[in-house]
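Okay, structure_11.cif is below, mmCIF, C-alpha atoms and all ligand atoms:
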```cif
data_upload
loop_
_atom_site.group_PDB
_atom_site.id
_atom_site.type_symbol
_atom_site.label_atom_id
_atom_site.label_comp_id
_atom_site.auth_asym_id
_atom_site.auth_seq_id
_atom_site.Cartn_x
_atom_site.Cartn_y
_atom_site.Cartn_z
ATOM 1 C CA MET A 87 -7.899 22.013 212.852
ATOM 2 C CA THR A 88 -4.873 22.766 210.664
ATOM 3 C CA ASP A 89 -4.298 20.677 207.550
ATOM 4 C CA LEU A 90 -1.693 17.989 208.097
ATOM 5 C CA LEU A 91 0.202 19.022 204.958
ATOM 6 C CA ARG A 92 -0.072 22.023 202.689
ATOM 7 C CA VAL A 93 2.081 22.467 199.634
ATOM 8 C CA GLU A 94 1.810 25.960 198.201
ATOM 9 C CA ASN A 95 2.895 27.212 194.776
ATOM 10 C CA LEU A 96 5.786 24.820 194.532
ATOM 11 C CA ARG A 97 8.172 25.217 191.609
ATOM 12 C CA LYS A 98 11.106 23.061 190.634
ATOM 13 C CA THR A 99 13.212 23.317 187.496
ATOM 14 C CA PHE A 100 16.029 20.917 186.730
ATOM 15 C CA ILE A 101 18.971 22.045 184.654
ATOM 16 C CA THR A 102 20.210 19.017 182.807
ATOM 17 C CA GLY A 103 23.930 18.337 182.853
ATOM 18 C CA GLY A 104 26.489 18.665 180.108
ATOM 19 C CA PRO A 105 28.638 21.558 178.970
ATOM 20 C CA PRO A 106 27.155 25.058 179.465
ATOM 21 C CA TRP A 107 26.267 25.476 175.782
ATOM 22 C CA ASN A 108 24.297 22.267 175.828
ATOM 23 C CA ARG A 109 22.200 22.589 178.976
ATOM 24 C CA SER A 110 18.448 22.623 179.009
ATOM 25 C CA LYS A 111 15.822 23.377 181.610
ATOM 26 C CA VAL A 112 13.065 20.978 182.607
ATOM 27 C CA ALA A 113 10.193 22.555 184.508
ATOM 28 C CA ALA A 114 9.363 19.487 186.631
ATOM 29 C CA LEU A 115 6.818 21.333 188.810
ATOM 30 C CA SER A 116 5.172 24.668 188.109
ATOM 31 C CA ASP A 117 3.001 26.263 190.755
ATOM 32 C CA VAL A 118 1.803 23.077 192.442
ATOM 33 C CA SER A 119 -0.473 23.316 195.478
ATOM 34 C CA ILE A 120 -1.989 20.350 197.310
ATOM 35 C CA THR A 121 -3.476 19.661 200.724
ATOM 36 C CA VAL A 122 -3.561 16.461 202.753
ATOM 37 C CA GLN A 123 -5.911 16.104 205.703
ATOM 38 C CA ARG A 124 -5.113 14.003 208.746
ATOM 39 C CA GLY A 125 -5.848 10.320 208.248
ATOM 40 C CA ARG A 126 -6.760 10.744 204.559
ATOM 41 C CA THR A 127 -5.112 9.413 201.448
ATOM 42 C CA LEU A 128 -4.381 11.634 198.494
ATOM 43 C CA GLY A 129 -3.744 9.771 195.252
ATOM 44 C CA LEU A 130 -1.210 11.636 193.134
ATOM 45 C CA VAL A 131 -1.579 10.412 189.596
ATOM 46 C CA GLY A 132 -0.005 11.245 186.256
ATOM 47 C CA GLU A 133 1.964 9.600 183.492
ATOM 48 C CA SER A 134 5.690 8.988 183.678
ATOM 49 C CA GLY A 135 7.635 12.260 183.763
ATOM 50 C CA SER A 136 4.707 14.354 185.011
ATOM 51 C CA GLY A 137 6.586 15.313 188.194
ATOM 52 C CA LYS A 138 5.089 12.949 190.776
ATOM 53 C CA SER A 139 8.359 11.728 192.294
ATOM 54 C CA THR A 140 9.820 15.221 192.284
ATOM 55 C CA LEU A 141 6.822 16.458 194.270
ATOM 56 C CA GLY A 142 7.193 13.584 196.746
ATOM 57 C CA ARG A 143 10.910 14.240 197.107
ATOM 58 C CA CYS A 144 10.392 17.999 197.565
ATOM 59 C CA ILE A 145 7.931 17.316 200.382
ATOM 60 C CA LEU A 146 10.373 14.910 202.027
ATOM 61 C CA GLY A 147 13.144 17.482 201.719
ATOM 62 C CA LEU A 148 15.199 15.178 199.462
ATOM 63 C CA THR A 149 15.018 17.640 196.558
ATOM 64 C CA LYS A 150 15.426 21.361 197.057
ATOM 65 C CA LEU A 151 12.566 23.545 195.798
ATOM 66 C CA ASP A 152 13.057 26.668 193.682
ATOM 67 C CA SER A 153 10.155 28.453 195.324
ATOM 68 C CA GLY A 154 6.964 27.739 197.202
ATOM 69 C CA GLN A 155 6.265 26.275 200.606
ATOM 70 C CA VAL A 156 5.803 22.920 202.258
ATOM 71 C CA ILE A 157 3.871 23.349 205.490
ATOM 72 C CA PHE A 158 3.536 20.343 207.761
ATOM 73 C CA ASP A 159 1.193 20.643 210.723
ATOM 74 C CA GLY A 160 1.296 24.412 210.449
ATOM 75 C CA VAL A 161 5.098 24.697 210.262
ATOM 76 C CA GLU A 162 7.157 25.595 207.183
ATOM 77 C CA VAL A 163 9.496 22.649 206.576
ATOM 78 C CA GLN A 164 12.332 24.399 204.727
ATOM 79 C CA GLY A 165 13.443 26.319 207.802
ATOM 80 C CA LEU A 166 13.697 23.246 210.012
ATOM 81 C CA SER A 167 16.980 22.053 211.461
ATOM 82 C CA GLY A 168 18.274 19.973 214.343
ATOM 83 C CA ARG A 169 15.679 18.430 216.577
ATOM 84 C CA ALA A 170 12.710 19.933 214.682
ATOM 85 C CA LEU A 171 13.971 18.466 211.396
ATOM 86 C CA MET A 172 14.460 15.071 213.034
ATOM 87 C CA ASP A 173 10.920 15.269 214.364
ATOM 88 C CA PHE A 174 9.610 16.054 210.852
ATOM 89 C CA ARG A 175 11.510 13.040 209.467
ATOM 90 C CA ARG A 176 9.979 10.853 212.135
ATOM 91 C CA ARG A 177 6.479 12.069 211.337
ATOM 92 C CA VAL A 178 6.736 11.872 207.526
ATOM 93 C CA GLN A 179 8.074 8.605 206.146
ATOM 94 C CA PRO A 180 8.683 7.450 202.573
ATOM 95 C CA VAL A 181 7.992 4.104 200.932
ATOM 96 C CA PHE A 182 9.613 3.755 197.511
ATOM 97 C CA GLN A 183 8.920 1.560 194.502
ATOM 98 C CA ASP A 184 12.089 -0.419 194.941
ATOM 99 C CA PRO A 185 12.598 -1.540 198.528
ATOM 100 C CA PHE A 186 16.179 -2.497 197.648
ATOM 101 C CA GLY A 187 16.800 1.236 197.594
ATOM 102 C CA SER A 188 15.805 1.637 201.237
ATOM 103 C CA LEU A 189 17.004 -1.696 202.647
ATOM 104 C CA ASP A 190 20.705 -2.241 203.155
ATOM 105 C CA PRO A 191 21.559 -5.476 201.297
ATOM 106 C CA ARG A 192 24.130 -6.423 203.977
ATOM 107 C CA TRP A 193 21.712 -6.097 206.884
ATOM 108 C CA THR A 194 19.083 -8.560 207.971
ATOM 109 C CA VAL A 195 15.659 -7.074 207.345
ATOM 110 C CA GLY A 196 14.999 -7.167 211.088
ATOM 111 C CA ARG A 197 18.013 -4.926 211.598
ATOM 112 C CA SER A 198 16.724 -2.457 208.999
ATOM 113 C CA VAL A 199 13.446 -2.117 210.891
ATOM 114 C CA ARG A 200 15.265 -1.937 214.213
ATOM 115 C CA GLU A 201 17.462 0.856 212.817
ATOM 116 C CA SER A 202 14.349 3.028 212.376
ATOM 117 C CA LEU A 203 13.400 2.485 216.009
ATOM 118 C CA ASP A 204 16.949 3.287 217.171
ATOM 119 C CA CYS A 205 17.256 6.318 214.934
ATOM 120 C CA PHE A 206 14.101 7.939 216.282
ATOM 121 C CA HIS A 207 14.482 6.643 219.849
ATOM 122 C CA ILE A 208 11.165 4.797 219.747
ATOM 123 C CA GLY A 209 10.605 2.737 222.902
ATOM 124 C CA THR A 210 13.387 1.649 225.254
ATOM 125 C CA PRO A 211 16.356 -0.194 223.709
ATOM 126 C CA ALA A 212 15.222 -3.369 225.491
ATOM 127 C CA ASP A 213 11.741 -2.908 224.044
ATOM 128 C CA ARG A 214 12.828 -2.595 220.463
ATOM 129 C CA ASP A 215 13.436 -6.238 219.583
ATOM 130 C CA ARG A 216 9.873 -7.014 220.578
ATOM 131 C CA ARG A 217 8.644 -4.006 218.601
ATOM 132 C CA VAL A 218 10.439 -5.247 215.494
ATOM 133 C CA LEU A 219 8.575 -8.537 215.759
ATOM 134 C CA ASP A 220 5.273 -6.705 216.346
ATOM 135 C CA LEU A 221 5.893 -4.613 213.227
ATOM 136 C CA PHE A 222 6.613 -7.754 211.202
ATOM 137 C CA LYS A 223 3.300 -9.213 212.326
ATOM 138 C CA ARG A 224 1.560 -5.907 211.678
ATOM 139 C CA VAL A 225 2.542 -5.989 208.009
ATOM 140 C CA GLY A 226 1.663 -9.654 207.621
ATOM 141 C CA LEU A 227 5.195 -11.066 207.734
ATOM 142 C CA ASN A 228 6.291 -14.114 209.661
ATOM 143 C CA PRO A 229 8.626 -12.710 212.382
ATOM 144 C CA GLY A 230 10.909 -15.642 211.594
ATOM 145 C CA LEU A 231 11.926 -13.777 208.427
ATOM 146 C CA ALA A 232 13.558 -10.986 210.454
ATOM 147 C CA GLY A 233 16.909 -12.777 210.351
ATOM 148 C CA ARG A 234 17.045 -12.919 206.542
ATOM 149 C CA LEU A 235 18.819 -10.654 204.103
ATOM 150 C CA PRO A 236 16.679 -8.643 201.650
ATOM 151 C CA ASN A 237 17.670 -10.750 198.653
ATOM 152 C CA HIS A 238 16.361 -13.852 200.396
ATOM 153 C CA LEU A 239 12.839 -12.448 200.400
ATOM 154 C CA SER A 240 10.292 -12.086 197.605
ATOM 155 C CA GLY A 241 9.518 -8.648 196.153
ATOM 156 C CA GLY A 242 6.241 -8.495 198.074
ATOM 157 C CA GLN A 243 7.914 -9.504 201.339
ATOM 158 C CA ARG A 244 10.595 -6.861 200.830
ATOM 159 C CA GLN A 245 7.958 -4.201 200.294
ATOM 160 C CA ARG A 246 6.257 -5.330 203.514
ATOM 161 C CA VAL A 247 9.585 -4.894 205.328
ATOM 162 C CA ALA A 248 9.944 -1.404 203.855
ATOM 163 C CA ILE A 249 6.434 -0.580 205.084
ATOM 164 C CA ALA A 250 7.300 -1.963 208.536
ATOM 165 C CA ALA A 251 10.417 0.230 208.599
ATOM 166 C CA ALA A 252 8.309 3.246 207.629
ATOM 167 C CA LEU A 253 5.747 2.464 210.331
ATOM 168 C CA ALA A 254 8.407 1.998 213.007
ATOM 169 C CA SER A 255 8.614 5.716 213.719
ATOM 170 C CA GLU A 256 4.826 5.976 214.108
ATOM 171 C CA PRO A 257 4.496 8.488 211.271
ATOM 172 C CA GLU A 258 1.465 10.680 210.623
ATOM 173 C CA LEU A 259 2.092 10.832 206.873
ATOM 174 C CA ILE A 260 3.467 8.205 204.515
ATOM 175 C CA ILE A 261 4.603 9.196 201.045
ATOM 176 C CA ALA A 262 4.392 6.042 198.960
ATOM 177 C CA ASP A 263 5.955 6.468 195.506
ATOM 178 C CA GLU A 264 4.673 3.749 193.156
ATOM 179 C CA PRO A 265 4.890 1.213 196.002
ATOM 180 C CA VAL A 266 3.371 -1.647 194.003
ATOM 181 C CA SER A 267 4.497 -0.855 190.459
ATOM 182 C CA ALA A 268 7.407 -3.303 190.528
ATOM 183 C CA LEU A 269 5.316 -6.203 191.878
ATOM 184 C CA ASP A 270 3.303 -8.955 190.209
ATOM 185 C CA MET A 271 -0.411 -8.234 189.844
ATOM 186 C CA SER A 272 -1.525 -10.657 192.567
ATOM 187 C CA VAL A 273 1.065 -9.296 195.008
ATOM 188 C CA GLN A 274 0.068 -5.712 194.136
ATOM 189 C CA ALA A 275 -3.442 -6.364 195.429
ATOM 190 C CA GLN A 276 -2.090 -7.803 198.691
ATOM 191 C CA ILE A 277 0.147 -4.813 199.345
ATOM 192 C CA LEU A 278 -2.648 -2.364 198.473
ATOM 193 C CA ASN A 279 -4.946 -4.140 200.900
ATOM 194 C CA LEU A 280 -2.254 -3.962 203.568
ATOM 195 C CA LEU A 281 -1.925 -0.197 203.030
ATOM 196 C CA LEU A 282 -5.706 0.164 203.266
ATOM 197 C CA ASP A 283 -5.780 -1.810 206.534
ATOM 198 C CA LEU A 284 -3.023 0.327 207.996
ATOM 199 C CA GLN A 285 -4.872 3.489 207.065
ATOM 200 C CA GLU A 286 -7.961 2.228 208.811
ATOM 201 C CA ASP A 287 -6.240 0.835 211.906
ATOM 202 C CA LEU A 288 -3.589 3.477 212.468
ATOM 203 C CA GLY A 289 -5.253 6.504 210.872
ATOM 204 C CA VAL A 290 -2.007 7.412 209.123
ATOM 205 C CA ALA A 291 -2.396 9.828 206.204
ATOM 206 C CA CYS A 292 -0.837 8.935 202.875
ATOM 207 C CA ILE A 293 0.207 10.458 199.588
ATOM 208 C CA PHE A 294 -0.086 7.565 197.209
ATOM 209 C CA ILE A 295 1.872 8.179 194.017
ATOM 210 C CA THR A 296 1.003 6.124 190.946
ATOM 211 C CA HIS A 297 0.623 6.314 187.170
ATOM 212 C CA ASP A 298 -2.430 4.042 187.436
ATOM 213 C CA LEU A 299 -5.782 5.700 188.057
ATOM 214 C CA GLY A 300 -7.280 2.247 188.667
ATOM 215 C CA VAL A 301 -5.036 1.855 191.723
ATOM 216 C CA VAL A 302 -5.911 5.344 192.951
ATOM 217 C CA GLU A 303 -9.589 4.511 192.904
ATOM 218 C CA HIS A 304 -8.848 1.583 195.177
ATOM 219 C CA VAL A 305 -6.886 3.390 197.875
ATOM 220 C CA SER A 306 -7.529 7.131 197.793
ATOM 221 C CA ASP A 307 -10.064 9.455 199.361
ATOM 222 C CA ASP A 308 -8.940 12.303 197.143
ATOM 223 C CA VAL A 309 -7.086 12.545 193.851
ATOM 224 C CA ALA A 310 -4.735 15.117 192.372
ATOM 225 C CA VAL A 311 -3.928 14.720 188.685
ATOM 226 C CA LEU A 312 -0.508 15.938 187.635
ATOM 227 C CA PHE A 313 0.157 16.783 183.989
ATOM 228 C CA HIS A 314 3.510 18.188 182.809
ATOM 229 C CA GLY A 315 4.248 19.511 186.289
ATOM 230 C CA SER A 316 0.866 21.112 186.976
ATOM 231 C CA ILE A 317 -2.180 19.908 188.873
ATOM 232 C CA VAL A 318 -4.984 19.860 186.310
ATOM 233 C CA GLU A 319 -7.687 18.344 188.474
ATOM 234 C CA MET A 320 -8.124 17.676 192.172
ATOM 235 C CA GLY A 321 -10.973 16.493 194.359
ATOM 236 C CA ASP A 322 -12.965 13.624 195.769
ATOM 237 C CA THR A 323 -11.976 10.274 194.199
ATOM 238 C CA ASP A 324 -15.493 9.046 193.447
ATOM 239 C CA GLN A 325 -16.416 12.317 191.838
ATOM 240 C CA ILE A 326 -13.350 12.404 189.637
ATOM 241 C CA MET A 327 -13.750 8.765 188.612
ATOM 242 C CA MET A 328 -17.397 9.326 187.700
ATOM 243 C CA ARG A 329 -17.122 12.784 186.180
ATOM 244 C CA PRO A 330 -13.577 13.674 185.186
ATOM 245 C CA GLU A 331 -13.475 17.269 184.033
ATOM 246 C CA HIS A 332 -10.088 17.450 182.411
ATOM 247 C CA GLN A 333 -9.404 15.740 179.097
ATOM 248 C CA TYR A 334 -6.123 14.371 180.463
ATOM 249 C CA THR A 335 -7.926 12.667 183.367
ATOM 250 C CA ARG A 336 -10.283 11.073 180.847
ATOM 251 C CA THR A 337 -7.295 9.782 178.924
ATOM 252 C CA LEU A 338 -5.820 8.252 182.091
ATOM 253 C CA LEU A 339 -9.185 6.762 182.926
ATOM 254 C CA ALA A 340 -9.476 5.233 179.489
ATOM 255 C CA ALA A 341 -6.243 3.349 180.211
ATOM 256 C CA VAL A 342 -7.855 1.624 183.211
ATOM 257 C CA PRO A 343 -8.925 -1.821 182.006
ATOM 258 C CA ARG A 344 -12.687 -1.733 182.535
ATOM 259 C CA PRO A 345 -15.691 0.089 181.080
ATOM 260 C CA ALA A 346 -14.819 3.466 182.607
ATOM 261 C CA PRO A 347 -15.658 6.302 183.162
ATOM 262 C CA THR A 348 -19.369 5.895 183.869
ATOM 263 C CA HIS A 349 -19.052 2.439 185.392
ATOM 264 C CA PRO A 350 -20.320 2.587 189.003
ATOM 265 C CA ARG A 351 -17.943 1.470 191.765
HETATM 266 N N1 LIG B 401 17.514 14.750 189.194
HETATM 267 C C1 LIG B 401 16.979 15.165 188.021
HETATM 268 N N2 LIG B 401 17.732 15.821 187.107
HETATM 269 C C2 LIG B 401 17.210 16.266 185.949
HETATM 270 N N3 LIG B 401 15.927 16.087 185.602
HETATM 271 C C3 LIG B 401 15.121 15.428 186.453
HETATM 272 C C4 LIG B 401 15.608 14.935 187.710
HETATM 273 N N4 LIG B 401 14.575 14.331 188.351
HETATM 274 C C5 LIG B 401 13.503 14.438 187.541
HETATM 275 N N5 LIG B 401 13.826 15.097 186.397
HETATM 276 C C6 LIG B 401 12.898 15.438 185.302
HETATM 277 O O1 LIG B 401 11.737 16.035 185.856
HETATM 278 C C7 LIG B 401 10.560 15.577 185.230
HETATM 279 C C8 LIG B 401 9.661 14.912 186.249
HETATM 280 O O2 LIG B 401 10.265 13.708 186.707
HETATM 281 P P1 LIG B 401 9.631 12.807 187.860
HETATM 282 O O3 LIG B 401 9.278 13.665 189.002
HETATM 283 O O4 LIG B 401 10.570 11.686 188.102
HETATM 284 O O5 LIG B 401 8.299 12.276 187.161
HETATM 285 P P2 LIG B 401 7.368 11.019 187.519
HETATM 286 O O6 LIG B 401 7.719 10.560 188.889
HETATM 287 O O7 LIG B 401 5.986 11.542 187.401
HETATM 288 O O8 LIG B 401 7.659 9.981 186.485
HETATM 289 C C9 LIG B 401 11.030 14.640 184.127
HETATM 290 O O9 LIG B 401 11.107 15.370 182.933
HETATM 291 C C10 LIG B 401 12.390 14.205 184.599
HETATM 292 O O10 LIG B 401 13.213 13.874 183.506
HETATM 293 MG MG MG B 402 8.288 8.676 189.583
#
```

This structure in structure tokens:
Amino acid sequence: MTDLLRVENLRKTFITGGPPWNRSKVAALSDVSITVQRGRTLGLVGESGSGKSTLGRCILGLTKLDSGQVIFDGVEVQGLSGRALMDFRRRVQPVFQDPFGSLDPRWTVGRSVRESLDCFHIGTPADRDRRVLDLFKRVGLNPGLAGRLPNHLSGGQRQRVAIAAALASEPELIIADEPVSALDMSVQAQILNLLLDLQEDLGVACIFITHDLGVVEHVSDDVAVLFHGSIVEMGDTDQIMMRPEHQYTRTLLAAVPRPAPTHPR
């Protein structure tokens, strides 16, 4: 079976703004390759500025790559247009750190979820109101909240809405960029557990982006460690948590508040 997602030798350099004599280059990603299998979660971990979001955005097609390939279900994504591009967008959905970014503040949250269903023609129009309520229940939200505006919900509830909107199109891959980083500790655990449940129930694959190796251990089958735009270590989560090979991974592990790295799960 083909890999669900293959990223091959991806490079991305940003030229920072300003007058021509004052521009500098930032190599955000240099020669990055990763693979995601169907139904599995890859934790993408690294400190702030290591290139995690850029990689996520390149995969989603939100940032243009300099070179390299993104291959989804055997098809190179950069060449897609029209119906094929729409189909890719349906199958690969983002969840961002700040759900305010993806939810229109003027729309009820029910409408935001409904918009996803409309956009990708999921179900019949008459069906969709019921589907919205099902999605609310699926992410642990009282369907009665569907009529509220985003700023009348808590941060955790908003992130649940964003997850419902992502799930609406029945994606095969979710790219979650620091989805719990802005939330209180107790709420973080609830949202992580929700994501774990969804993985188990729906079999949706996930790239889980975080700066926190402790979170990765909780949710990921595999880990890729990004350092200054390069993958320095990649493999099975348990193995990497127990026996990190790269010094940088050990440093990240040391930041996890518990007696790592030899502590058994
Ligand atoms: N739009 C942009 N313009 C210029 N530089 C950027 C842009 N986006 C990211 N960068 C730079 O690329 C590097 C990686 O950023 P990012 O992918 O956001 O890292 P992370 O998500 O791991 O914190 C950083 O040095 C950042 O400043
Ligand atoms: Mg980021």

How would you report the residues lying within 8 Å of ligand MG 402 (chain B), as an MDAnalysis selection string, if you count all atoms listed in the file?
chainID A and resid 134:135 137:140 263:264 295:296

Find the residues near Glu162 (chain A): any atom within 10 Å, counting only C-alpha atoms, skip ones fewer than 6 places away on the same chain, and give them as a PyMOL selection string.
chain A and resi 91-93+155-156

Around ligand LIG 401 (chain B), with edges along x, y and z and 8 Å added on all six sides, what centre and edge lengths do you get, in Å to one decimal, as lines of an AutoDock Vina configuration file?
```
center_x = 11.9
center_y = 13.1
center_z = 186.1
size_x = 27.7
size_y = 22.3
size_z = 22.3
```

Dump the neighbourhood of ligand LIG 401 (chain B) as an MDAnalysis selection string: all residues within 9 Å, distances computed on all atoms listed in the file.
chainID A and resid 98:103 111:115 131:143 149 263:264 295:297 312:315

Atomic separation - CA of Pro211 (chain A) relative to CA of Gly233 (chain A), Å
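Pair CA of Gly233 (chain A) / CA of Pro211 (chain A) returns 18.4 Å.
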
Which distance in Å separates CA of Val302 (chain A) and CA of Pro236 (chain A), to one decimal?
28.0 Å

Selection dump of the PyMOL selection byres (((chain A and resi 308) around 9) and not hetatm), as a list in words:
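Evaluating the PyMOL selection byres (((chain A and resi 308) around 9) and not hetatm) on these coordinates yields Val122, Arg126, Thr127, Leu128, Gly129, Leu130, Val302, Glu303, Ser306, Asp307, Val309, Ala310, Met320, Gly321, Asp322, Thr323, Asp324 and Ile326 of chain A.
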
Just the residues within 9 Å of region 183-187 of chain A, please, counting all atoms listed in the file, with nothing from its chain fewer than 3 positions along; format it as a list in words.
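Once the adjacent positions are removed, what remains is Asp190, Pro191, Pro236, Asn237, Gly241, Arg244, Gln245, Arg246, Val247, Ala248, Ala262, Asp263, Glu264, Pro265, Val266, Ser267, Ala268 and Leu269 of chain A.
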
Taking the file above as input, evaluate the PyMOL selection byres (((chain A and resi 290-292) around 9) and not hetatm) and report the hits as a count of residues only.
25

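Each of A:Asp89, A:Glu94, A:Asp220, A:Asp173 was compared to Phe158 (chain A) using all atoms listed in the file, and A:Asp89 turns out to be the nearest.
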
Hits from the PyMOL selection byres (((chain A and resi 254) around 10) and not hetatm), listed as a VMD selection string
chain A and resid 176 179 199 to 204 206 208 214 217 to 218 220 to 221 248 to 253 255 to 257

Record the distance separating CA of Gln164 (chain A) and CA of Ser188 (chain A), expressed in Å with one decimal.
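Going from CA of Gln164 (chain A) over to CA of Ser188 (chain A) covers 23.3 Å.
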
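Excluding Leu151 (chain A) and any residue on its chain fewer than 5 positions from it, the residues at most 8 Å away by only C-alpha atoms are Leu96, Arg97, Lys98 and Cys144 of chain A.
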